[in-house]
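**Student:** The structure file run_12.pdb (PDB, C-alpha atoms) is provided below.
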MODEL        1
ATOM      1  CA  MET A  62     -47.831  -4.637  13.293
ATOM      2  CA  ASN A  63     -44.644  -3.383  14.929
ATOM      3  CA  GLN A  64     -44.396   0.358  14.339
ATOM      4  CA  LYS A  65     -40.954   0.151  12.751
ATOM      5  CA  LEU A  66     -42.304  -2.361  10.215
ATOM      6  CA  ASP A  67     -45.412  -0.353   9.404
ATOM      7  CA  PRO A  68     -45.172   0.685   5.717
ATOM      8  CA  GLU A  69     -46.434   4.202   6.381
ATOM      9  CA  PHE A  70     -43.855   4.637   9.137
ATOM     10  CA  LEU A  71     -41.033   3.474   6.865
ATOM     11  CA  VAL A  72     -42.124   5.824   4.082
ATOM     12  CA  GLU A  73     -42.376   8.670   6.589
ATOM     13  CA  MET A  74     -38.735   8.043   7.467
ATOM     14  CA  GLN A  75     -37.843   8.661   3.836
ATOM     15  CA  ARG A  76     -40.002  11.785   3.740
ATOM     16  CA  ARG A  77     -38.282  13.301   6.754
ATOM     17  CA  MET A  78     -34.795  12.482   5.479
ATOM     18  CA  LEU A  79     -35.691  14.151   2.193
ATOM     19  CA  ARG A  80     -37.053  17.183   4.038
ATOM     20  CA  ILE A  81     -33.749  17.598   5.859
ATOM     21  CA  ARG A  82     -31.693  17.132   2.690
ATOM     22  CA  ARG A  83     -33.678  19.527   0.513
ATOM     23  CA  PHE A  84     -34.084  22.088   3.318
ATOM     24  CA  ASP A  85     -30.356  22.148   3.980
ATOM     25  CA  GLU A  86     -29.515  22.276   0.286
ATOM     26  CA  ARG A  87     -31.709  25.342  -0.090
ATOM     27  CA  ALA A  88     -30.271  26.906   3.081
ATOM     28  CA  SER A  89     -26.770  26.389   1.698
ATOM     29  CA  LYS A  90     -27.684  28.283  -1.469
ATOM     30  CA  MET A  91     -29.324  31.070   0.523
ATOM     31  CA  VAL A  92     -26.187  31.578   2.630
ATOM     32  CA  LYS A  93     -24.033  31.866  -0.466
ATOM     33  CA  ARG A  94     -26.457  34.392  -1.950
ATOM     34  CA  GLY A  95     -26.395  36.490   1.219
ATOM     35  CA  ALA A  96     -30.027  35.788   2.122
ATOM     36  CA  ILE A  97     -29.111  34.259   5.509
ATOM     37  CA  PRO A  98     -26.957  36.304   7.900
ATOM     38  CA  GLY A  99     -23.940  34.468   9.250
ATOM     39  CA  THR A 100     -23.642  30.845   8.267
ATOM     40  CA  VAL A 101     -25.364  27.496   8.666
ATOM     41  CA  HIS A 102     -24.182  23.974   9.434
ATOM     42  CA  THR A 103     -25.965  21.338   7.366
ATOM     43  CA  SER A 104     -26.804  17.725   8.198
ATOM     44  CA  ILE A 105     -26.417  16.552   4.598
ATOM     45  CA  GLY A 106     -25.195  12.953   4.788
ATOM     46  CA  GLN A 107     -26.310  12.491   8.396
ATOM     47  CA  GLU A 108     -30.054  12.207   7.753
ATOM     48  CA  ALA A 109     -30.390   8.541   8.767
ATOM     49  CA  GLN A 110     -28.843   9.231  12.136
ATOM     50  CA  VAL A 111     -31.096  12.240  12.736
ATOM     51  CA  VAL A 112     -34.382  10.701  11.612
ATOM     52  CA  GLY A 113     -33.680   7.251  13.036
ATOM     53  CA  ALA A 114     -33.154   8.859  16.445
ATOM     54  CA  THR A 115     -35.961  11.423  16.417
ATOM     55  CA  MET A 116     -38.583   8.980  15.144
ATOM     56  CA  ALA A 117     -37.717   6.639  18.003
ATOM     57  CA  LEU A 118     -38.985   9.343  20.369
ATOM     58  CA  GLY A 119     -42.592   9.959  21.280
ATOM     59  CA  GLU A 120     -44.500  13.039  20.198
ATOM     60  CA  HIS A 121     -44.105  14.779  23.553
ATOM     61  CA  ASP A 122     -40.541  13.704  24.365
ATOM     62  CA  TYR A 123     -37.793  16.304  24.737
ATOM     63  CA  MET A 124     -34.596  16.808  22.779
ATOM     64  CA  THR A 125     -31.740  19.285  22.622
ATOM     65  CA  GLY A 126     -29.357  19.927  19.754
ATOM     66  CA  ASN A 127     -26.078  21.543  18.806
ATOM     67  CA  HIS A 128     -24.825  23.926  16.133
ATOM     68  CA  ARG A 129     -25.814  21.409  13.412
ATOM     69  CA  SER A 130     -29.472  21.219  14.302
ATOM     70  CA  HIS A 131     -31.902  22.208  11.555
ATOM     71  CA  GLY A 132     -32.432  18.504  10.950
ATOM     72  CA  HIS A 133     -33.422  17.594  14.504
ATOM     73  CA  PRO A 134     -36.740  19.494  14.639
ATOM     74  CA  ILE A 135     -37.465  18.463  11.031
ATOM     75  CA  GLY A 136     -36.909  14.847  12.049
ATOM     76  CA  LYS A 137     -39.270  15.379  14.983
ATOM     77  CA  GLY A 138     -41.966  16.816  12.708
ATOM     78  CA  SER A 139     -41.521  20.602  12.646
ATOM     79  CA  PRO A 140     -43.047  22.386   9.629
ATOM     80  CA  LEU A 141     -40.415  23.811   7.302
ATOM     81  CA  GLY A 142     -41.750  27.364   6.881
ATOM     82  CA  PRO A 143     -41.119  28.699  10.409
ATOM     83  CA  LEU A 144     -37.738  26.947  10.502
ATOM     84  CA  MET A 145     -36.616  28.578   7.258
ATOM     85  CA  ALA A 146     -37.928  31.953   8.411
ATOM     86  CA  GLU A 147     -35.906  31.595  11.618
ATOM     87  CA  LEU A 148     -32.689  31.085   9.656
ATOM     88  CA  VAL A 149     -33.312  34.363   7.847
ATOM     89  CA  GLY A 150     -34.254  36.200  11.056
ATOM     90  CA  LYS A 151     -37.886  36.797  10.142
ATOM     91  CA  ALA A 152     -40.735  37.379  12.602
ATOM     92  CA  GLY A 153     -42.486  34.241  11.351
ATOM     93  CA  GLY A 154     -39.621  32.082  12.576
ATOM     94  CA  VAL A 155     -40.019  29.536  15.363
ATOM     95  CA  CYS A 156     -38.239  31.960  17.716
ATOM     96  CA  GLY A 157     -39.542  35.132  16.129
ATOM     97  CA  GLY A 158     -36.290  35.575  14.241
ATOM     98  CA  LYS A 159     -34.184  35.893  17.381
ATOM     99  CA  GLY A 160     -32.569  32.470  17.396
ATOM    100  CA  GLY A 161     -31.311  32.121  13.872
ATOM    101  CA  SER A 162     -29.527  29.029  12.628
ATOM    102  CA  LEU A 163     -27.502  28.340  15.760
ATOM    103  CA  HIS A 164     -30.032  28.916  18.534
ATOM    104  CA  LEU A 165     -33.474  27.891  17.351
ATOM    105  CA  ALA A 166     -36.008  25.884  19.341
ATOM    106  CA  ASP A 167     -39.480  24.522  18.670
ATOM    107  CA  PHE A 168     -41.336  23.605  21.843
ATOM    108  CA  ASN A 169     -44.238  22.291  19.756
ATOM    109  CA  VAL A 170     -42.176  19.195  18.935
ATOM    110  CA  GLY A 171     -40.220  19.049  22.180
ATOM    111  CA  SER A 172     -37.126  20.802  20.820
ATOM    112  CA  LEU A 173     -35.807  22.702  23.831
ATOM    113  CA  GLY A 174     -33.085  24.449  21.880
ATOM    114  CA  GLU A 175     -29.669  24.180  20.333
ATOM    115  CA  SER A 176     -26.465  26.090  20.871
ATOM    116  CA  GLY A 177     -23.239  27.040  19.168
ATOM    117  CA  ILE A 178     -21.446  26.488  22.492
ATOM    118  CA  VAL A 179     -20.064  22.961  22.202
ATOM    119  CA  GLY A 180     -21.779  20.544  24.574
ATOM    120  CA  SER A 181     -23.823  23.224  26.318
ATOM    121  CA  SER A 182     -27.244  21.718  25.593
ATOM    122  CA  ILE A 183     -26.378  18.356  27.186
ATOM    123  CA  PRO A 184     -27.099  19.537  30.770
ATOM    124  CA  ILE A 185     -30.370  21.078  29.550
ATOM    125  CA  ALA A 186     -31.556  17.695  28.277
ATOM    126  CA  THR A 187     -30.465  16.158  31.566
ATOM    127  CA  GLY A 188     -32.444  18.773  33.478
ATOM    128  CA  ALA A 189     -35.498  18.068  31.321
ATOM    129  CA  ALA A 190     -35.140  14.379  32.182
ATOM    130  CA  LEU A 191     -34.973  15.267  35.876
ATOM    131  CA  SER A 192     -38.184  17.281  35.554
ATOM    132  CA  SER A 193     -39.836  14.312  33.841
ATOM    133  CA  LYS A 194     -38.869  12.039  36.695
ATOM    134  CA  VAL A 195     -40.005  14.482  39.383
ATOM    135  CA  LEU A 196     -43.327  15.123  37.628
ATOM    136  CA  GLY A 197     -43.817  11.493  36.672
ATOM    137  CA  ASN A 198     -45.028  12.471  33.213
ATOM    138  CA  GLY A 199     -43.289   9.609  31.393
ATOM    139  CA  LYS A 200     -41.384  11.889  29.003
ATOM    140  CA  VAL A 201     -37.922  10.937  27.776
ATOM    141  CA  SER A 202     -35.158  13.395  26.897
ATOM    142  CA  LEU A 203     -32.510  13.043  24.179
ATOM    143  CA  ALA A 204     -29.319  15.111  23.907
ATOM    144  CA  PHE A 205     -27.608  15.318  20.524
ATOM    145  CA  PHE A 206     -23.912  16.201  20.541
ATOM    146  CA  GLY A 207     -20.985  15.737  18.189
ATOM    147  CA  ASP A 208     -17.690  13.913  18.578
ATOM    148  CA  GLY A 209     -16.128  17.307  19.252
ATOM    149  CA  ALA A 210     -18.269  17.582  22.400
ATOM    150  CA  ALA A 211     -17.411  14.068  23.552
ATOM    151  CA  ASN A 212     -14.539  15.400  25.658
ATOM    152  CA  GLN A 213     -16.443  18.229  27.323
ATOM    153  CA  GLY A 214     -16.705  18.035  31.097
ATOM    154  CA  CYS A 215     -20.430  18.850  31.119
ATOM    155  CA  LEU A 216     -21.089  15.551  29.303
ATOM    156  CA  TYR A 217     -19.493  13.525  32.086
ATOM    157  CA  GLU A 218     -21.151  15.523  34.820
ATOM    158  CA  SER A 219     -24.470  14.849  33.093
ATOM    159  CA  LEU A 220     -23.715  11.149  32.582
ATOM    160  CA  ASN A 221     -22.810  10.852  36.243
ATOM    161  CA  ILE A 222     -25.893  12.498  37.707
ATOM    162  CA  ALA A 223     -28.172  10.763  35.196
ATOM    163  CA  GLY A 224     -26.662   7.433  36.192
ATOM    164  CA  VAL A 225     -26.976   8.121  39.926
ATOM    165  CA  TRP A 226     -30.612   9.235  39.658
ATOM    166  CA  LYS A 227     -31.566   6.901  36.782
ATOM    167  CA  LEU A 228     -32.869   9.771  34.707
ATOM    168  CA  PRO A 229     -34.838   9.062  31.505
ATOM    169  CA  VAL A 230     -32.271  10.527  29.111
ATOM    170  CA  ILE A 231     -30.387   9.326  26.041
ATOM    171  CA  PHE A 232     -27.012  10.859  25.253
ATOM    172  CA  LEU A 233     -26.501  10.549  21.497
ATOM    173  CA  CYS A 234     -23.094  11.260  19.994
ATOM    174  CA  GLU A 235     -23.279  12.124  16.302
ATOM    175  CA  ASN A 236     -19.780  10.939  15.452
ATOM    176  CA  ASN A 237     -19.205  12.354  11.974
ATOM    177  CA  GLN A 238     -15.492  11.867  12.685
ATOM    178  CA  TYR A 239     -14.428  15.491  12.412
ATOM    179  CA  ALA A 240     -14.724  18.409  14.805
ATOM    180  CA  LEU A 241     -14.532  21.121  12.162
ATOM    181  CA  SER A 242     -11.244  19.875  10.599
ATOM    182  CA  THR A 243      -9.891  17.947  13.589
ATOM    183  CA  GLN A 244      -9.903  14.184  13.120
ATOM    184  CA  ALA A 245     -11.731  12.597  16.059
ATOM    185  CA  TRP A 246      -9.179   9.830  16.482
ATOM    186  CA  THR A 247      -6.392  12.373  17.006
ATOM    187  CA  VAL A 248      -8.003  13.913  20.087
ATOM    188  CA  THR A 249     -10.298  11.220  21.493
ATOM    189  CA  SER A 250      -8.909   8.165  23.237
ATOM    190  CA  GLY A 251     -10.770   4.890  22.794
ATOM    191  CA  VAL A 252     -14.384   4.341  21.754
ATOM    192  CA  ILE A 253     -16.807   7.008  22.898
ATOM    193  CA  ALA A 254     -19.619   4.532  23.612
ATOM    194  CA  ASP A 255     -17.306   2.514  25.889
ATOM    195  CA  ARG A 256     -17.073   5.455  28.264
ATOM    196  CA  ALA A 257     -20.579   4.649  29.498
ATOM    197  CA  ALA A 258     -19.155   1.760  31.543
ATOM    198  CA  GLY A 259     -17.501   4.220  33.893
ATOM    199  CA  PHE A 260     -20.937   5.457  34.911
ATOM    200  CA  GLY A 261     -22.588   2.057  35.170
ATOM    201  CA  ILE A 262     -24.876   2.621  32.194
ATOM    202  CA  PRO A 263     -25.184   0.931  28.774
ATOM    203  CA  GLY A 264     -23.081   2.197  25.896
ATOM    204  CA  VAL A 265     -24.082   1.340  22.334
ATOM    205  CA  ARG A 266     -22.127   2.050  19.146
ATOM    206  CA  VAL A 267     -23.940   2.014  15.800
ATOM    207  CA  GLU A 268     -21.141   1.387  13.324
ATOM    208  CA  ASN A 269     -23.237   2.100  10.237
ATOM    209  CA  GLY A 270     -25.033   5.349  10.937
ATOM    210  CA  GLN A 271     -26.187   5.486   7.303
ATOM    211  CA  ASP A 272     -28.597   2.618   8.057
ATOM    212  CA  ILE A 273     -31.691   4.322   9.411
ATOM    213  CA  MET A 274     -33.138   1.139  10.862
ATOM    214  CA  ALA A 275     -29.940   0.376  12.793
ATOM    215  CA  VAL A 276     -30.101   3.836  14.375
ATOM    216  CA  TYR A 277     -33.818   3.539  15.040
ATOM    217  CA  ASP A 278     -33.415   0.146  16.734
ATOM    218  CA  ALA A 279     -30.576   1.345  18.984
ATOM    219  CA  VAL A 280     -32.334   4.514  20.083
ATOM    220  CA  SER A 281     -35.702   2.735  20.497
ATOM    221  CA  THR A 282     -34.088   0.304  22.928
ATOM    222  CA  ALA A 283     -32.601   3.226  24.861
ATOM    223  CA  VAL A 284     -35.962   5.027  24.910
ATOM    224  CA  ASP A 285     -37.725   1.903  26.186
ATOM    225  CA  ARG A 286     -35.171   1.561  28.991
ATOM    226  CA  ALA A 287     -35.550   5.206  29.951
ATOM    227  CA  ARG A 288     -39.330   5.086  29.934
ATOM    228  CA  ALA A 289     -39.293   1.946  32.068
ATOM    229  CA  GLY A 290     -37.286   3.755  34.763
ATOM    230  CA  GLU A 291     -34.026   1.944  34.022
ATOM    231  CA  GLY A 292     -32.033   5.119  33.450
ATOM    232  CA  PRO A 293     -29.831   6.630  30.762
ATOM    233  CA  THR A 294     -27.990   5.207  27.763
ATOM    234  CA  LEU A 295     -25.033   6.543  25.802
ATOM    235  CA  VAL A 296     -25.456   5.921  22.066
ATOM    236  CA  GLU A 297     -22.666   6.657  19.587
ATOM    237  CA  VAL A 298     -23.600   6.737  15.904
ATOM    238  CA  VAL A 299     -20.827   6.715  13.301
ATOM    239  CA  THR A 300     -21.897   8.884  10.384
ATOM    240  CA  TYR A 301     -20.481  11.459   7.947
ATOM    241  CA  ARG A 302     -21.238  14.972   6.786
ATOM    242  CA  TYR A 303     -21.002  15.479   3.046
ATOM    243  CA  ASN A 304     -20.635  19.261   3.078
ATOM    244  CA  GLU A 305     -17.982  21.358   4.754
ATOM    245  CA  HIS A 306     -18.254  21.997   8.498
ATOM    246  CA  SER A 307     -20.187  25.168   7.756
ATOM    247  CA  GLU A 308     -21.401  26.679   4.526
ATOM    248  CA  GLY A 309     -18.935  29.054   2.922
ATOM    249  CA  LEU A 310     -16.023  27.926   5.116
ATOM    250  CA  ARG A 311     -12.744  27.906   3.213
ATOM    251  CA  LEU A 312      -9.739  26.064   4.593
ATOM    252  CA  ALA A 313      -6.190  26.064   3.261
ATOM    253  CA  THR A 314      -6.075  22.285   2.853
ATOM    254  CA  ASP A 315      -8.539  19.483   2.222
ATOM    255  CA  TYR A 316      -8.286  17.518   5.439
ATOM    256  CA  ARG A 317     -10.552  14.701   4.213
ATOM    257  CA  ASN A 318      -9.230  11.935   1.997
ATOM    258  CA  ALA A 319     -10.900  11.681  -1.428
ATOM    259  CA  ASP A 320     -11.330   7.906  -1.196
ATOM    260  CA  GLU A 321     -12.884   8.266   2.254
ATOM    261  CA  LYS A 322     -15.404  10.781   0.957
ATOM    262  CA  ALA A 323     -16.215   8.629  -2.053
ATOM    263  CA  ASP A 324     -16.866   5.632   0.183
ATOM    264  CA  TRP A 325     -19.336   7.554   2.340
ATOM    265  CA  LEU A 326     -21.020   9.171  -0.656
ATOM    266  CA  ALA A 327     -21.650   5.671  -2.011
ATOM    267  CA  ARG A 328     -23.605   4.998   1.191
ATOM    268  CA  ASP A 329     -26.036   7.877   0.907
ATOM    269  CA  PRO A 330     -28.724   7.131   3.530
ATOM    270  CA  ILE A 331     -31.533   8.492   1.357
ATOM    271  CA  VAL A 332     -30.527   6.316  -1.597
ATOM    272  CA  LEU A 333     -30.136   3.273   0.635
ATOM    273  CA  HIS A 334     -33.539   3.612   2.302
ATOM    274  CA  ARG A 335     -35.250   4.323  -1.005
ATOM    275  CA  GLN A 336     -33.879   1.067  -2.368
ATOM    276  CA  TYR A 337     -34.958  -0.751   0.796
ATOM    277  CA  LEU A 338     -38.516   0.492   0.310
ATOM    278  CA  ILE A 339     -38.520  -0.661  -3.302
ATOM    279  CA  ASP A 340     -36.881  -4.046  -2.664
ATOM    280  CA  ASN A 341     -39.350  -4.867   0.099
ATOM    281  CA  TRP A 342     -42.428  -3.857  -1.913
ATOM    282  CA  ILE A 343     -43.212  -1.046   0.506
ATOM    283  CA  ALA A 344     -43.327   1.683  -2.150
ATOM    284  CA  THR A 345     -42.956   1.847  -5.901
ATOM    285  CA  THR A 346     -40.452   3.914  -7.835
ATOM    286  CA  GLU A 347     -43.281   6.156  -9.003
ATOM    287  CA  GLU A 348     -44.556   6.684  -5.479
ATOM    288  CA  LEU A 349     -41.099   7.597  -4.224
ATOM    289  CA  ASP A 350     -40.534   9.959  -7.149
ATOM    290  CA  GLN A 351     -43.795  11.672  -6.198
ATOM    291  CA  LEU A 352     -42.655  11.811  -2.580
ATOM    292  CA  GLU A 353     -39.507  13.644  -3.648
ATOM    293  CA  ALA A 354     -41.552  16.076  -5.723
ATOM    294  CA  ASP A 355     -43.853  16.708  -2.759
ATOM    295  CA  VAL A 356     -40.893  17.481  -0.505
ATOM    296  CA  LEU A 357     -39.402  19.891  -3.042
ATOM    297  CA  ALA A 358     -42.768  21.650  -3.125
ATOM    298  CA  GLU A 359     -42.721  21.871   0.687
ATOM    299  CA  VAL A 360     -39.321  23.560   0.563
ATOM    300  CA  GLU A 361     -40.549  26.033  -2.051
ATOM    301  CA  ASP A 362     -43.543  26.789   0.160
ATOM    302  CA  ALA A 363     -41.141  27.347   3.066
ATOM    303  CA  VAL A 364     -39.174  29.847   1.004
ATOM    304  CA  THR A 365     -42.385  31.649   0.048
ATOM    305  CA  PHE A 366     -43.453  31.718   3.701
ATOM    306  CA  THR A 367     -40.059  33.179   4.607
ATOM    307  CA  ASN A 368     -40.148  35.823   1.904
ATOM    308  CA  ASP A 369     -43.656  36.876   2.921
ATOM    309  CA  SER A 370     -42.771  37.109   6.607
ATOM    310  CA  PRO A 371     -41.669  40.551   7.868
ATOM    311  CA  PHE A 372     -38.560  41.238   9.897
ATOM    312  CA  PRO A 373     -39.193  41.709  13.645
ATOM    313  CA  GLU A 374     -40.059  45.187  14.872
ATOM    314  CA  PRO A 375     -37.133  46.908  16.641
ATOM    315  CA  SER A 376     -39.439  47.576  19.587
ATOM    316  CA  ILE A 377     -39.367  43.888  20.617
ATOM    317  CA  ALA A 378     -35.576  43.666  20.767
ATOM    318  CA  PHE A 379     -35.626  43.477  24.564
ATOM    319  CA  ALA A 380     -38.644  41.174  24.843
ATOM    320  CA  ASP A 381     -38.229  37.566  26.033
ATOM    321  CA  LEU A 382     -34.906  38.294  27.726
ATOM    322  CA  TYR A 383     -35.972  38.529  31.350
ATOM    323  CA  THR A 384     -38.975  37.610  33.505
ATOM    324  CA  GLU A 385     -39.640  41.328  33.880
ATOM    325  CA  PRO A 386     -39.160  43.036  30.493
ATOM    326  CA  ILE A 387     -36.790  45.978  30.514
ATOM    327  CA  THR A 388     -37.588  49.322  28.953
ATOM    328  CA  PRO A 389     -34.538  50.814  27.235
ATOM    329  CA  SER A 390     -35.621  54.402  27.894
ATOM    330  CA  LYS A 391     -35.711  53.679  31.612
ATOM    331  CA  TYR A 392     -32.019  52.794  31.683
ATOM    332  CA  LEU A 393     -30.545  54.962  28.934
ATOM    333  CA  ASP A 394     -30.176  58.699  28.695
ATOM    334  CA  PRO A 395     -31.094  60.449  25.395
ATOM    335  CA  ILE A 396     -27.692  59.841  23.841
ATOM    336  CA  GLY A 397     -27.687  56.159  24.726
ATOM    337  CA  ALA A 398     -25.254  56.167  27.661
ATOM    338  CA  ARG A 399     -26.088  54.423  30.898
ATOM    339  CA  PRO A 400     -26.873  56.816  33.756
TER     340      PRO A 400
ENDMDL
END
Could you express the structure from this file as structure tokens?

**Tutor:**
Amino acid sequence: MNQKLDPEFLVEMQRRMLRIRRFDERASKMVKRGAIPGTVHTSIGQEAQVVGATMALGEHDYMTGNHRSHGHPIGKGSPLGPLMAELVGKAGGVCGGKGGSLHLADFNVGSLGESGIVGSSIPIATGAALSSKVLGNGKVSLAFFGDGAANQGCLYESLNIAGVWKLPVIFLCENNQYALSTQAWTVTSGVIADRAAGFGIPGVRVENGQDIMAVYDAVSTAVDRARAGEGPTLVEVVTYRYNEHSEGLRLATDYRNADEKADWLARDPIVLHRQYLIDNWIATTEELDQLEADVLAEVEDAVTFTNDSPFPEPSIAFADLYTEPITPSKYLDPIGARP
């Protein structure tokens, strides 16, 4: 049976979308209660795009993210506990508490990292694809970026070199139509996916990014091309974030139209896929209710794991920064000034 039609695979899609939704909902509450330093950017509303893309990848394939990237490692299979602990800055986090919400990575699932610097992880994914080609290990790389990064020069440099060298990389634009509060159509000329033609590579636009199977099909085709040595693909997925750009952000005006928001809320990807599973006799209502309960329990376990995890020891503050670790006392005099 084709993997995408396998009942267990389809139910797992729902599980991972629910994990992202419930994880981000809890993270949002924790920010507002002061439990998470700084802020977080949730993927609530964009789950189909995240899971459809990540589940099209193989277990050992690479990916890079952006500032809105808790969902990407969850979609790829990361356990929730270490991810939640990382948001809080605990030692049990995937990066030992040093990455936080904006700069976490989980090499165990091929997540090479994310960044708050717009577009900055795109060249990293391209470099990973180059290493795959040089080593001949068959791994594919996927770079997630938003519509706000679609006009960054590093994207076009990466598209160009990936096209010239036929690198096994997929460039995936998560077009949620707003860069913070800037409407994409006011700063971006034309269709983002059409820009691929200038580099001699395929460009695909998924108009309904709330349809997980549409995203999965588009990215699977791109992955197959990459793995076959046919080079990169630019995929644009039109989706929508339900929450504000970042949790706790307050703007003077509501830049999103109420009817627009209502239309997208009516196309909740989790609700749509749940109904698909029921209508096609893949899972019963009772089974899906139990699935939701199981995911809620996972999130509670993640919170417990986070609460039980200690904060990092101050002594490791300078670890993992350089190939040769530095010793603060070697470079600082007793009062903390450089010699």

**Student:** Show which residues sit within 7 Å of A:Phe372, as a short mmCIF file (atom, residue, chain, number, x, y, z; two decimals) with C-alpha atoms, in the frame of the given file. Count all atoms listed in the file, and ignore same-chain residues fewer than 3 positions away.

**Tutor:**
data_model
loop_
_atom_site.label_atom_id
_atom_site.label_comp_id
_atom_site.auth_asym_id
_atom_site.auth_seq_id
_atom_site.Cartn_x
_atom_site.Cartn_y
_atom_site.Cartn_z
CA GLY A 150 -34.25 36.20 11.06
CA LYS A 151 -37.89 36.80 10.14
CA ALA A 152 -40.74 37.38 12.60
#

**Student:** Could you pull the residues within 8 Å of stretch 255-263 of chain A, counting only C-alpha atoms, minus those fewer than 5 positions along the same chain, as JSON, numbers by chain?

**Tutor:** {"A": [220, 221, 224, 292, 293, 294, 295]}

**Student:** Could you please take those selected residues and save C-alpha atoms as a CSV table (one decimal), in the coordinates of the input?

**Tutor:**
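result38.csv, freshly written:
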chain,number,residue,atom,x,y,z
A,220,LEU,CA,-23.7,11.1,32.6
A,221,ASN,CA,-22.8,10.9,36.2
A,224,GLY,CA,-26.7,7.4,36.2
A,292,GLY,CA,-32.0,5.1,33.4
A,293,PRO,CA,-29.8,6.6,30.8
A,294,THR,CA,-28.0,5.2,27.8
A,295,LEU,CA,-25.0,6.5,25.8

**Student:** Determine the residue set returned by the PyMOL selection byres ((chain A and resi 227-232) around 8) for the present structure, and present it as an MDAnalysis selection string.

**Tutor:** chainID A and resid 183 186:187 190:191 193:194 200:206 223:226 233:234 280 283:284 286:288 290:296

**Student:** Dig up all the protein and nucleic acid residues within 10 Å of (-42.8, 34.0, 2.3) in the file frame, using all atoms listed in the file, and format them as a PyMOL selection string.

**Tutor:** chain A and resi 142-143+145-146+151+153+361-371

**Student:** How about saving the chosen residues, C-alpha atoms kept, as a compact mmCIF listing (two decimals), in the frame of the given file?

**Tutor:**
# COMPACT_ATOMS: atom_id res chain seq x y z
CA GLY A 142 -41.75 27.36 6.88
CA PRO A 143 -41.12 28.70 10.41
CA MET A 145 -36.62 28.58 7.26
CA ALA A 146 -37.93 31.95 8.41
CA LYS A 151 -37.89 36.80 10.14
CA GLY A 153 -42.49 34.24 11.35
CA GLU A 361 -40.55 26.03 -2.05
CA ASP A 362 -43.54 26.79 0.16
CA ALA A 363 -41.14 27.35 3.07
CA VAL A 364 -39.17 29.85 1.00
CA THR A 365 -42.38 31.65 0.05
CA PHE A 366 -43.45 31.72 3.70
CA THR A 367 -40.06 33.18 4.61
CA ASN A 368 -40.15 35.82 1.90
CA ASP A 369 -43.66 36.88 2.92
CA SER A 370 -42.77 37.11 6.61
CA PRO A 371 -41.67 40.55 7.87

**Student:** Tell me which of A:Val298, A:Val267, A:Ile273, A:Leu118 sits closest to A:Gly207, counting all atoms listed in the file.

**Tutor:** A:Val298

**Student:** What does the distance between atom CA of A:Tyr337 and atom CA of A:Pro68 come to in Å, to one decimal place?

**Tutor:**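 Value for the atom CA of A:Tyr337-atom CA of A:Pro68 distance: 11.4 Å.
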
**Student:** Provide the atom CA of A:Tyr303 to atom CA of A:Ala319 distance in Å, to one decimal place.

**Tutor:**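 These atoms are spaced 11.7 Å apart.
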
**Student:** Mind pulling up the distance from atom CA of A:Met124 to atom CA of A:Gly174?

**Tutor:**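 Between these atoms lies a distance of 7.8 Å.
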
**Student:** Got a sec: who's within 8 Å of stretch 97-107 of chain A, counting only C-alpha atoms, leaving out chain neighbours fewer than 3 positions off, as a PyMOL selection string?

**Tutor:** chain A and resi 81-82+85-86+88-89+91-92+94+110-111+128-132+148-150+162-163+237+270-271+300-304+306-309+326+329-330

**Student:** May I ask which of the residues A:Cys156, A:Val248, A:Leu312, A:Cys215 is the closest one to A:Ala380, counting all atoms listed in the file?

**Tutor:**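 The answer is A:Cys156, which sits nearest to A:Ala380.
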
**Student:** What would stretch 234-243 of chain A look like with N, CA and C atoms restored, written as a compact mmCIF listing (two decimals), in the frame of the given file?

**Tutor:**
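Generated output (part_31.txt):
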# COMPACT_ATOMS: atom_id res chain seq x y z
N CYS A 234 -24.25 10.66 20.64
CA CYS A 234 -23.09 11.26 19.99
C CYS A 234 -23.18 11.05 18.49
N GLU A 235 -23.29 12.16 17.76
CA GLU A 235 -23.28 12.12 16.30
C GLU A 235 -21.81 12.17 15.86
N ASN A 236 -21.21 11.01 15.76
CA ASN A 236 -19.78 10.94 15.45
C ASN A 236 -19.57 10.99 13.94
N ASN A 237 -19.48 12.22 13.42
CA ASN A 237 -19.20 12.35 11.97
C ASN A 237 -17.71 12.42 11.71
N GLN A 238 -16.93 12.13 12.75
CA GLN A 238 -15.49 11.87 12.68
C GLN A 238 -14.59 13.09 12.55
N TYR A 239 -15.22 14.27 12.50
CA TYR A 239 -14.43 15.49 12.41
C TYR A 239 -15.08 16.58 13.25
N ALA A 240 -14.29 17.21 14.10
CA ALA A 240 -14.72 18.41 14.80
C ALA A 240 -14.14 19.58 14.03
N LEU A 241 -14.99 20.18 13.17
CA LEU A 241 -14.53 21.12 12.16
C LEU A 241 -13.53 20.39 11.28
N SER A 242 -12.21 20.60 11.42
CA SER A 242 -11.24 19.88 10.60
C SER A 242 -10.37 18.94 11.43
N THR A 243 -10.69 18.79 12.71
CA THR A 243 -9.89 17.95 13.59
C THR A 243 -10.40 16.51 13.55
